[in-house]
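Visitor: Here you go, one structure.
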Amino acid sequence: MDKFMEMAKKMEQMSPEEKKQMMQKNRSMCICGRCPTYNSCMKGKNELLFCSTGKSACAVDMKACICPTCPVTNMMGLSHAYYCIKGTEKEQRGM
């Protein structure tokens with residue numbers, strides 16, 4: 001089982017409050033706002049942490065992706081990118 005699957009299993013066993021705290025921690029480490037693809041619409045909607053929350057509700061012009069350099073990527077064992085366009089890690093893994 002890879003790191004992401006271990007983390008997903010661990011999160012399934014968390015209480016709603018523990019999940020909320022984990023999401024807040026991840027959001028504080030998130031670097032989506034520094035990405036060249038991140039735009040004013042995303043900022044206006046306060047969208048971040050696309051790897052967990054999914055695709056942006058905004059129109060997205062793919063420029064570059066910094067997901068692989070995000071601390072959340074390493075911590076959660078993520079293996080994909082362009083979450084704002086392609087969806088969550090789970091979605092991209094077909095889960």
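Letters for chains follow the order of the structure tokens (A, B, ...), residue numbers begin at 1 for each chain, and ligand numbers begin at 1 in the order shown.
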Which residues are near Cys70 of chain A? Cut-off 10 Å, only C-alpha atoms, ignore same chain within fewer than 2 positions. Put them as number ranges by chain.
Guide: A: 29-32, 66-68, 72-75, 78
Visitor: Residues of chain A classed as alpha helix (DSSP H) by DSSP on the backbone are to be reported as a ChimeraX atom specification.
Guide: /A:3-12,16-29,40-44,50-53,71-76,83-86,89-92
Visitor: Put those residues in a file: C-alpha atoms, as a compact mmCIF listing (two decimals), in the first residue's frame.
Guide:
```
# COMPACT_ATOMS: atom_id res chain seq x y z
CA LYS A 3 1.66 6.42 1.27
CA PHE A 4 -1.45 8.04 -0.22
CA MET A 5 -3.55 4.93 0.36
CA GLU A 6 -2.29 4.71 3.94
CA MET A 7 -3.19 8.37 4.53
CA ALA A 8 -6.62 7.93 2.92
CA LYS A 9 -7.33 4.93 5.14
CA LYS A 10 -6.18 6.87 8.21
CA MET A 11 -8.45 9.81 7.30
CA GLU A 12 -11.45 7.50 6.89
CA PRO A 16 -15.30 14.90 11.50
CA GLU A 17 -13.40 17.29 13.79
CA GLU A 18 -10.09 15.51 13.17
CA LYS A 19 -10.72 15.63 9.40
CA LYS A 20 -11.48 19.34 9.64
CA GLN A 21 -8.23 19.94 11.53
CA MET A 22 -6.27 17.92 8.96
CA MET A 23 -7.78 19.92 6.09
CA GLN A 24 -6.95 23.19 7.88
CA LYS A 25 -3.36 22.02 8.38
CA ASN A 26 -3.07 21.02 4.72
CA ARG A 27 -4.66 24.30 3.60
CA SER A 28 -2.07 26.25 5.63
CA MET A 29 0.73 24.41 3.75
CA SER A 40 -8.12 35.89 -9.97
CA CYS A 41 -11.36 33.91 -10.16
CA MET A 42 -9.87 31.14 -8.00
CA LYS A 43 -8.58 33.76 -5.58
CA GLY A 44 -11.97 35.46 -5.44
CA PHE A 50 -7.44 21.26 -5.23
CA CYS A 51 -5.72 17.91 -4.57
CA SER A 52 -8.36 17.32 -1.88
CA THR A 53 -11.27 19.54 -2.91
CA PRO A 71 4.54 20.22 0.93
CA VAL A 72 1.08 18.60 0.89
CA THR A 73 2.16 16.43 -2.06
CA ASN A 74 5.00 14.91 -0.06
CA MET A 75 3.10 14.65 3.21
CA MET A 76 0.06 12.95 1.63
CA TYR A 83 -5.60 19.07 -9.59
CA CYS A 84 -7.34 22.38 -10.34
CA ILE A 85 -8.10 21.07 -13.84
CA LYS A 86 -8.07 17.27 -13.51
CA GLU A 89 -5.79 12.58 -6.27
CA LYS A 90 -8.57 10.02 -5.73
CA GLU A 91 -10.33 11.06 -8.94
CA GLN A 92 -7.12 10.92 -10.95
```
Visitor: Hey, which of A:Ser15, A:Ala81, A:Gly87, A:Gly33 ends up closest to Asn46 of chain A? Count only C-alpha atoms.
Guide: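 Of A:Ser15, A:Ala81, A:Gly87, A:Gly33, the one nearest Asn46 of chain A, counting only C-alpha atoms, is A:Gly33.
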Visitor: Any idea what the distance is between atom CA of Ser56 of chain A and atom CA of Tyr38 of chain A?
Guide: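 Atom-to-atom, atom CA of Ser56 of chain A and atom CA of Tyr38 of chain A are spaced 9.5 Å apart.
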Visitor: Pick from A:Ser79, A:Pro36, A:Lys45, A:Asp61: nearest to Arg93 of chain A, with only C-alpha atoms counted?
Guide: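 Closest to Arg93 of chain A of all the choices is A:Ser79.
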